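Structure file input26.cif (mmCIF, C-alpha atoms) is printed below.
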```
data_my_file
#
loop_
_atom_site.label_atom_id
_atom_site.label_comp_id
_atom_site.auth_asym_id
_atom_site.auth_seq_id
_atom_site.Cartn_x
_atom_site.Cartn_y
_atom_site.Cartn_z
CA MET A 1 185.34 101.89 133.15
CA PRO A 2 188.86 100.66 132.40
CA THR A 3 189.31 97.23 130.89
CA PRO A 4 190.33 94.66 133.55
CA SER A 5 193.54 92.81 132.85
CA HIS A 6 193.07 89.37 131.32
CA ARG A 7 195.14 87.00 129.29
CA HIS A 8 194.73 86.69 125.54
CA CYS A 9 194.34 83.17 124.20
CA PRO A 10 195.65 82.45 120.71
CA ASN A 11 193.18 81.45 118.04
CA HIS A 12 192.50 77.74 117.82
CA PRO A 13 192.00 75.94 114.53
CA LYS A 14 188.56 74.95 113.36
CA GLY A 15 187.41 71.74 115.01
CA ASP A 16 188.93 72.53 118.41
CA HIS A 17 187.41 71.51 121.71
CA GLY A 18 185.68 74.78 122.42
CA ASP A 19 188.63 76.64 123.89
CA CYS A 20 188.51 80.39 123.93
CA ALA A 21 189.46 82.06 120.66
CA GLY A 22 189.93 85.58 122.04
CA ALA A 23 190.34 87.15 125.47
CA CYS A 24 189.88 84.67 128.32
CA GLY A 25 189.55 84.60 132.07
CA GLY A 26 190.46 81.71 134.34
CA ASP A 27 189.96 78.21 132.92
CA GLY A 28 189.62 79.68 129.44
CA ILE A 29 186.20 81.27 130.06
CA PRO A 30 185.67 83.77 127.21
CA VAL A 31 185.68 87.51 127.92
CA ILE A 32 183.69 89.88 125.69
CA ASP A 33 184.38 93.62 125.71
CA LEU A 34 181.07 95.40 125.22
CA GLY A 35 182.92 98.68 124.69
CA VAL A 36 184.50 97.23 121.56
CA LEU A 37 181.18 95.84 120.33
CA LEU A 38 179.52 99.24 120.69
CA ASN A 39 182.33 101.69 119.93
CA GLY A 40 185.10 99.82 118.12
CA ASN A 41 185.97 100.28 114.47
CA ALA A 42 184.54 97.91 111.86
CA GLU A 43 187.42 95.42 112.10
CA GLU A 44 187.37 95.38 115.90
CA ARG A 45 183.60 94.91 116.00
CA SER A 46 183.76 92.09 113.47
CA GLN A 47 186.39 90.25 115.51
CA ALA A 48 184.52 90.79 118.79
CA THR A 49 181.28 89.56 117.19
CA HIS A 50 183.05 86.43 115.98
CA GLU A 51 184.46 85.82 119.47
CA LEU A 52 181.01 86.23 121.00
CA GLY A 53 179.65 83.68 118.55
CA GLN A 54 182.43 81.25 119.46
CA ALA A 55 181.65 81.77 123.15
CA CYS A 56 177.95 81.02 122.58
CA GLU A 57 178.69 77.98 120.43
CA HIS A 58 181.40 76.33 122.52
CA TRP A 59 180.61 77.52 126.05
CA GLY A 60 177.14 79.06 126.25
CA PHE A 61 178.79 81.26 128.84
CA PHE A 62 181.10 84.25 128.96
CA MET A 63 182.11 87.29 130.96
CA VAL A 64 181.34 90.77 129.71
CA ILE A 65 183.46 93.81 130.60
CA ASN A 66 182.99 97.54 129.99
CA HIS A 67 179.26 96.89 130.31
CA GLY A 68 178.14 100.18 131.85
CA VAL A 69 176.36 98.73 134.91
CA PRO A 70 177.84 100.69 137.85
CA GLU A 71 179.45 98.66 140.62
CA ALA A 72 177.76 100.97 143.14
CA LEU A 73 174.36 99.96 141.74
CA GLN A 74 175.26 96.29 142.07
CA GLU A 75 176.23 96.85 145.71
CA GLU A 76 172.93 98.64 146.36
CA VAL A 77 171.04 95.69 144.89
CA MET A 78 172.85 93.28 147.21
CA GLU A 79 172.28 95.44 150.30
CA ALA A 80 168.57 95.83 149.51
CA CYS A 81 168.25 92.06 149.13
CA LYS A 82 169.94 91.52 152.49
CA GLU A 83 167.36 93.84 154.05
CA LEU A 84 164.57 91.87 152.38
CA TYR A 85 165.83 88.52 153.63
CA SER A 86 166.14 89.90 157.19
CA LEU A 87 162.56 91.23 157.35
CA PRO A 88 160.20 89.51 159.82
CA ARG A 89 158.29 86.71 158.13
CA ASP A 90 154.90 88.40 158.52
CA GLU A 91 156.11 91.41 156.50
CA LYS A 92 156.71 89.23 153.45
CA ALA A 93 154.09 86.55 154.07
CA GLU A 94 152.04 87.32 150.94
CA TYR A 95 155.09 86.73 148.74
CA ILE A 96 156.09 83.55 150.57
CA ALA A 97 152.60 82.20 149.90
CA ALA A 98 152.81 83.10 146.18
CA GLY A 99 152.91 80.45 143.45
CA PRO A 100 155.43 79.99 140.61
CA LYS A 101 153.34 82.11 138.21
CA ASP A 102 152.91 85.07 140.55
CA PRO A 103 154.94 88.19 139.66
CA VAL A 104 156.69 88.35 143.05
CA ARG A 105 157.70 85.29 145.03
CA ILE A 106 159.93 84.74 148.04
CA GLY A 107 160.92 81.19 148.82
CA THR A 108 163.43 78.53 149.71
CA GLY A 109 164.85 75.83 147.46
CA LEU A 110 163.75 75.68 143.82
CA PHE A 111 161.31 77.95 142.01
CA TYR A 112 159.21 74.87 141.41
CA SER A 113 159.36 73.37 144.91
CA ASP A 114 155.66 72.49 144.58
CA VAL A 115 156.63 69.70 142.18
CA ASP A 116 160.33 69.18 142.84
CA ASP A 117 161.80 66.95 145.50
CA ALA A 118 165.42 68.08 145.11
CA ILE A 119 167.00 69.48 148.27
CA CYS A 120 168.61 72.85 147.58
CA ARG A 121 169.95 75.30 150.16
CA ARG A 122 168.82 78.60 148.75
CA ASP A 123 166.61 81.51 149.70
CA TYR A 124 165.41 83.66 146.84
CA VAL A 125 163.26 86.54 145.73
CA LYS A 126 161.83 86.58 142.20
CA MET A 127 160.43 89.74 140.61
CA VAL A 128 158.92 90.17 137.16
CA ALA A 129 160.45 93.40 135.82
CA HIS A 130 159.12 93.66 132.25
CA PRO A 131 156.79 94.29 130.46
CA GLU A 132 155.32 95.34 133.84
CA PHE A 133 157.44 95.95 136.90
CA HIS A 134 156.65 94.19 140.19
CA CYS A 135 158.49 94.40 143.48
CA PRO A 136 158.00 93.59 147.18
CA ALA A 137 156.67 96.56 149.15
CA LYS A 138 159.54 96.34 151.64
CA PRO A 139 162.25 97.39 151.98
CA ALA A 140 161.03 100.64 150.47
CA ARG A 141 164.31 101.45 148.72
CA LEU A 142 164.34 98.17 146.81
CA ARG A 143 161.86 99.40 144.18
CA ASP A 144 163.91 102.35 142.89
CA ILE A 145 167.11 100.31 142.92
CA ALA A 146 165.50 97.37 141.10
CA VAL A 147 163.82 99.64 138.52
CA GLU A 148 167.17 101.18 137.58
CA TYR A 149 168.97 97.86 137.63
CA SER A 150 166.35 96.14 135.48
CA ALA A 151 166.43 98.93 132.89
CA ARG A 152 170.23 98.95 132.63
CA THR A 153 170.59 95.18 132.41
CA ARG A 154 167.68 94.82 130.00
CA GLN A 155 169.37 97.31 127.68
CA LEU A 156 172.64 95.38 127.97
CA LEU A 157 171.05 92.00 127.26
CA LEU A 158 169.01 93.30 124.32
CA GLU A 159 172.16 94.83 122.85
CA LEU A 160 173.91 91.48 123.22
CA ALA A 161 170.96 89.80 121.49
CA LYS A 162 171.62 91.98 118.44
CA VAL A 163 175.27 90.94 118.37
CA VAL A 164 174.27 87.29 118.82
CA SER A 165 172.04 87.70 115.75
CA GLU A 166 174.96 89.08 113.75
CA SER A 167 177.23 86.27 114.93
CA LEU A 168 174.76 83.77 113.44
CA GLY A 169 175.05 85.46 110.06
CA LEU A 170 171.65 87.14 110.40
CA ASP A 171 170.63 90.77 110.23
CA ARG A 172 171.41 92.57 113.46
CA GLY A 173 167.76 92.91 114.44
CA ARG A 174 166.54 89.52 113.19
CA ILE A 175 166.35 87.72 116.54
CA SER A 176 164.84 90.78 118.20
CA GLU A 177 162.18 90.81 115.48
CA VAL A 178 161.19 87.15 115.59
CA LEU A 179 161.06 87.09 119.41
CA ASN A 180 159.38 90.53 119.71
CA LEU A 181 162.02 91.64 122.19
CA GLU A 182 160.55 95.14 122.38
CA SER A 183 157.95 93.44 124.59
CA CYS A 184 160.44 91.04 126.16
CA PHE A 185 159.83 89.20 129.40
CA GLN A 186 162.33 90.00 132.15
CA ILE A 187 162.72 88.68 135.67
CA LEU A 188 165.10 89.62 138.45
CA VAL A 189 166.16 86.96 140.95
CA GLY A 190 168.11 87.47 144.13
CA ASN A 191 169.72 84.30 145.53
CA ASN A 192 171.05 83.77 149.04
CA TYR A 193 173.02 80.58 149.76
CA PRO A 194 173.64 80.16 153.52
CA PRO A 195 176.90 78.50 154.64
CA TYR A 196 176.68 74.72 154.75
CA ALA A 197 179.47 72.39 155.80
CA GLY A 198 177.63 69.10 155.31
CA SER A 199 179.14 66.25 153.32
CA ASP A 200 175.86 64.93 151.89
CA GLY A 201 176.21 66.55 148.48
CA VAL A 202 173.48 69.16 148.99
CA MET A 203 173.60 71.85 146.29
CA GLY A 204 172.74 75.51 146.33
CA ILE A 205 170.74 74.76 143.20
CA SER A 206 170.99 71.63 141.06
CA ALA A 207 172.05 71.43 137.42
CA HIS A 208 169.69 73.17 135.00
CA SER A 209 169.49 75.50 132.03
CA ASP A 210 167.57 78.77 132.09
CA HIS A 211 164.24 79.02 130.27
CA GLY A 212 164.96 82.44 128.76
CA LEU A 213 167.15 83.84 125.99
CA LEU A 214 170.07 85.38 127.91
CA THR A 215 170.82 85.63 131.63
CA MET A 216 173.14 88.07 133.36
CA LEU A 217 174.53 87.31 136.83
CA PHE A 218 176.86 88.83 139.39
CA GLN A 219 177.81 87.60 142.85
CA ASN A 220 179.08 88.92 146.18
CA GLY A 221 182.67 87.77 145.83
CA VAL A 222 182.07 84.19 146.97
CA ASP A 223 182.46 81.68 144.14
CA GLY A 224 179.96 78.88 143.61
CA LEU A 225 178.59 79.10 140.07
CA GLN A 226 179.68 76.16 137.92
CA VAL A 227 179.07 75.64 134.21
CA LYS A 228 179.31 72.38 132.25
CA HIS A 229 181.97 72.59 129.54
CA ASN A 230 183.31 69.66 127.54
CA GLY A 231 181.73 67.27 130.02
CA GLN A 232 183.43 68.86 133.05
CA TRP A 233 182.13 71.24 135.72
CA VAL A 234 184.07 74.51 135.66
CA THR A 235 183.91 76.96 138.58
CA ALA A 236 183.35 80.46 137.23
CA LYS A 237 185.73 83.00 138.74
CA PRO A 238 184.86 86.51 137.56
CA LEU A 239 187.39 89.09 136.49
CA PRO A 240 187.15 92.34 138.49
CA GLY A 241 184.26 94.42 137.21
CA SER A 242 182.87 91.70 134.93
CA LEU A 243 179.40 90.20 134.69
CA PHE A 244 178.51 86.63 133.76
CA ILE A 245 176.29 85.95 130.73
CA LEU A 246 174.59 82.56 130.26
CA THR A 247 172.71 81.34 127.18
CA GLY A 248 169.19 79.97 127.70
CA ASP A 249 166.77 77.50 126.16
CA GLN A 250 165.16 80.03 123.81
CA LEU A 251 168.51 80.82 122.23
CA GLU A 252 169.09 77.12 121.60
CA ILE A 253 165.68 76.90 119.91
CA VAL A 254 165.88 80.07 117.81
CA SER A 255 169.45 79.25 116.66
CA ASN A 256 168.28 75.75 115.65
CA GLY A 257 170.67 74.18 118.13
CA ARG A 258 173.81 75.96 116.96
CA TYR A 259 174.08 77.78 120.30
CA LYS A 260 173.36 75.47 123.24
CA ALA A 261 171.73 76.53 126.50
CA VAL A 262 174.44 76.16 129.12
CA LEU A 263 173.96 73.66 131.93
CA HIS A 264 174.91 75.23 135.25
CA ARG A 265 174.54 74.79 139.00
CA ALA A 266 175.39 76.55 142.26
CA LEU A 267 177.47 75.13 145.08
CA VAL A 268 177.19 76.08 148.74
CA HIS A 269 180.22 77.30 150.67
CA GLY A 270 181.17 75.75 153.97
CA GLY A 271 182.14 78.95 155.74
CA GLN A 272 180.64 81.90 153.86
CA MET A 273 177.25 83.05 152.67
CA ARG A 274 177.09 83.37 148.90
CA MET A 275 174.76 85.80 147.18
CA SER A 276 174.04 86.29 143.51
CA PHE A 277 171.66 88.46 141.54
CA VAL A 278 170.21 87.49 138.17
CA SER A 279 168.59 89.43 135.35
CA LEU A 280 166.98 87.17 132.75
CA VAL A 281 165.52 88.31 129.43
CA GLY A 282 163.24 86.11 127.34
CA PRO A 283 160.99 86.57 124.31
CA CYS A 284 157.61 88.25 124.47
CA LEU A 285 155.39 85.84 126.41
CA ASP A 286 153.09 85.38 123.42
CA ALA A 287 155.87 84.99 120.83
CA VAL A 288 156.01 81.60 119.12
CA VAL A 289 159.64 80.57 119.44
CA GLU A 290 161.02 78.41 116.66
CA PRO A 291 164.25 78.20 114.66
CA VAL A 292 164.91 81.20 112.44
CA LEU A 293 163.99 80.03 108.94
CA GLU A 294 167.33 81.00 107.37
CA LEU A 295 169.25 78.92 109.91
CA ALA A 296 167.01 75.88 109.49
CA GLN A 297 167.26 76.08 105.68
CA ASN A 298 171.06 76.04 105.89
CA ASP A 299 171.15 73.10 108.28
CA PRO A 300 171.43 69.63 106.66
CA GLN A 301 169.24 68.25 109.47
CA GLY A 302 166.47 70.78 108.87
CA MET A 303 164.49 72.14 111.79
CA LYS A 304 165.58 70.65 115.12
CA PHE A 305 162.80 72.23 117.20
CA ARG A 306 159.07 72.78 116.79
CA GLY A 307 157.52 76.14 117.55
CA ILE A 308 156.03 76.87 120.96
CA ARG A 309 154.72 79.95 122.70
CA TYR A 310 157.23 81.15 125.26
CA ARG A 311 154.46 81.40 127.85
CA ASP A 312 153.60 77.72 127.30
CA TYR A 313 157.23 76.67 127.45
CA MET A 314 157.63 78.36 130.82
CA GLU A 315 154.47 76.73 132.15
CA HIS A 316 155.71 73.34 130.99
CA GLN A 317 159.07 73.85 132.68
CA GLN A 318 157.52 75.12 135.90
CA SER A 319 155.13 72.17 136.14
CA SER A 320 157.95 69.64 135.85
CA LYS A 321 160.73 68.49 138.12
CA MET A 322 164.05 70.17 137.43
CA ASN A 323 165.99 67.71 135.29
CA THR A 324 168.97 69.36 133.63
CA LYS A 325 167.70 70.37 130.14
CA ALA A 326 164.77 67.94 129.86
CA ALA A 327 162.26 70.77 129.33
CA LEU A 328 163.61 71.21 125.80
CA ASP A 329 162.40 67.72 124.90
CA ILE A 330 158.84 69.07 124.54
CA VAL A 331 159.94 70.92 121.38
CA ARG A 332 162.89 68.86 120.23
CA VAL A 333 162.31 67.10 116.90
CA GLN A 334 162.84 63.37 117.44
CA GLY A 335 163.44 60.91 114.64
CA ASP A 336 161.93 62.33 111.46
CA ILE A 337 163.30 65.66 110.33
CA LEU A 338 160.85 68.54 110.34
CA THR A 339 161.46 70.25 107.01
CA CYS A 340 161.40 73.99 106.54
CA GLU A 341 158.57 73.62 104.03
CA SER A 342 156.36 71.98 106.66
CA ARG A 343 156.94 74.70 109.22
CA THR A 344 154.20 76.97 107.94
CA ASN A 345 151.60 74.23 108.28
CA ASN A 346 152.81 73.24 111.74
CA SER A 347 152.72 76.84 112.94
CA THR A 348 149.26 77.60 111.62
CA GLU A 349 147.78 74.35 112.89
CA ALA A 350 149.02 74.81 116.48
CA ASP A 351 146.26 74.36 119.03
CA SER A 352 145.14 77.06 121.45
CA SER A 353 147.77 76.10 124.02
CA GLY A 354 150.55 77.05 121.61
CA TYR A 355 151.85 73.49 121.12
CA SER A 356 151.84 71.99 117.66
CA PRO A 357 149.59 68.91 117.29
CA THR A 358 152.64 66.65 116.95
CA SER A 359 154.34 67.90 120.12
#
```

Would you put the structure from the file into structure tokens?
Amino acid sequence: MPTPSHRHCPNHPKGDHGDCAGACGGDGIPVIDLGVLLNGNAEERSQATHELGQACEHWGFFMVINHGVPEALQEEVMEACKELYSLPRDEKAEYIAAGPKDPVRIGTGLFYSDVDDAICRRDYVKMVAHPEFHCPAKPARLRDIAVEYSARTRQLLLELAKVVSESLGLDRGRISEVLNLESCFQILVGNNYPPYAGSDGVMGISAHSDHGLLTMLFQNGVDGLQVKHNGQWVTAKPLPGSLFILTGDQLEIVSNGRYKAVLHRALVHGGQMRMSFVSLVGPCLDAVVEPVLELAQNDPQGMKFRGIRYRDYMEHQQSSKMNTKAALDIVRVQGDILTCESRTNNSTEADSSGYSPTS
């Protein structure tokens, strides 16, 4: 696909305020050309990798272009979700009754509405897509569309994970190795935000970070996604043909805090329905996620996070009220520095739940 037009921001000196160092969309949101990352010459790839690293470090958010996910497929995903939302309630009752840990769930509000009292105007469908694929039985065409979409976006996100690894100064496959991304966990989420003209501050979904490694999102042309950047909420306005990429909690952990999970939220629109569709990739559910040793050794503060099984991290997050990025506190090292030399002991002495004894 042709590269959409976008402005080019000049390089900023070291110690800037996180402004874009390469191609940018509106409000300085970084733009990464996947075509260059995959097919550019050595110099072009090196520059694009650096720009991706800057985007992860200063924003935790960027747009990707020339990504290879057909626009027609995105439209099919949206149309199939509309059909799902419009089905009679009894045809999706088993998924409405599902819990947060079930592979398919249809609901309203937050994923964790069993424990959360926040009021959010959102209908959603959640499907686990990998390592095993799950999907509502109806509408019948949703399965084939979602299978193709999950495969394409998983490939895209895993490719980005390799570039992220390089941008951290690691071997290209290092993050994939330590997180066992060949057996990665992937979910698809369709969001529907009905129009709401109230003045009571109700959100589509309140401020949070994603529990995974990387999240990809596209929307139906109605803006509403906001990301926190330099203490301010920025409304994300996509370039034509682009997809949004958000960094998650597991990237913050594995990078030893160098790349932060982006805080984001969704607004509701007074006159239009907003829809978005998410593909999230995380580590293997049984992978113990902890800072990559090389990164922790090179950090004067040592290890900033303790190791935890990804499965246990998700269960912790889903049993708690949504509170921005508070879920990370379960693994964040407080006070005393956890040295790299002590990591081996902490990892081997973890209890059966996957938490270290000092968590």

Item to check | Nearby residues (all atoms listed in the file) at most 7 Å from Met127 in chain A, same-chain spacing under 5 positions excluded, as a VMD selection string | outcome: chain A and resid 103 to 105 134 to 135 187 to 189

Checklist entry - Do you know which residues lie at most 12 Å from (164.9, 71.4, 120.9), with coordinates as in the file and all atoms listed in the file counted, and could you write them as an NGL selection string? => result :A and (248-261 or 289-291 or 303-308 or 313 or 325-334 or 338 or 359)

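The residues caught by the PyMOL selection byres ((chain A and resi 280) around 8) in this file are Gln186, Ile187, Leu188, Gly212, Leu213, Leu214, Thr215, Met216, Val278, Ser279, Val281 and Gly282 of chain A.
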
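Taking only C-alpha atoms into account, Asp144 in chain A lies nearest to A:Ala129 out of the set A:Leu285, A:Met273, A:Ala129, A:Val31.
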
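Taking only C-alpha atoms into account, Phe133 in chain A lies nearest to A:Glu148 out of the set A:Glu166, A:Glu182, A:Glu44, A:Glu148.
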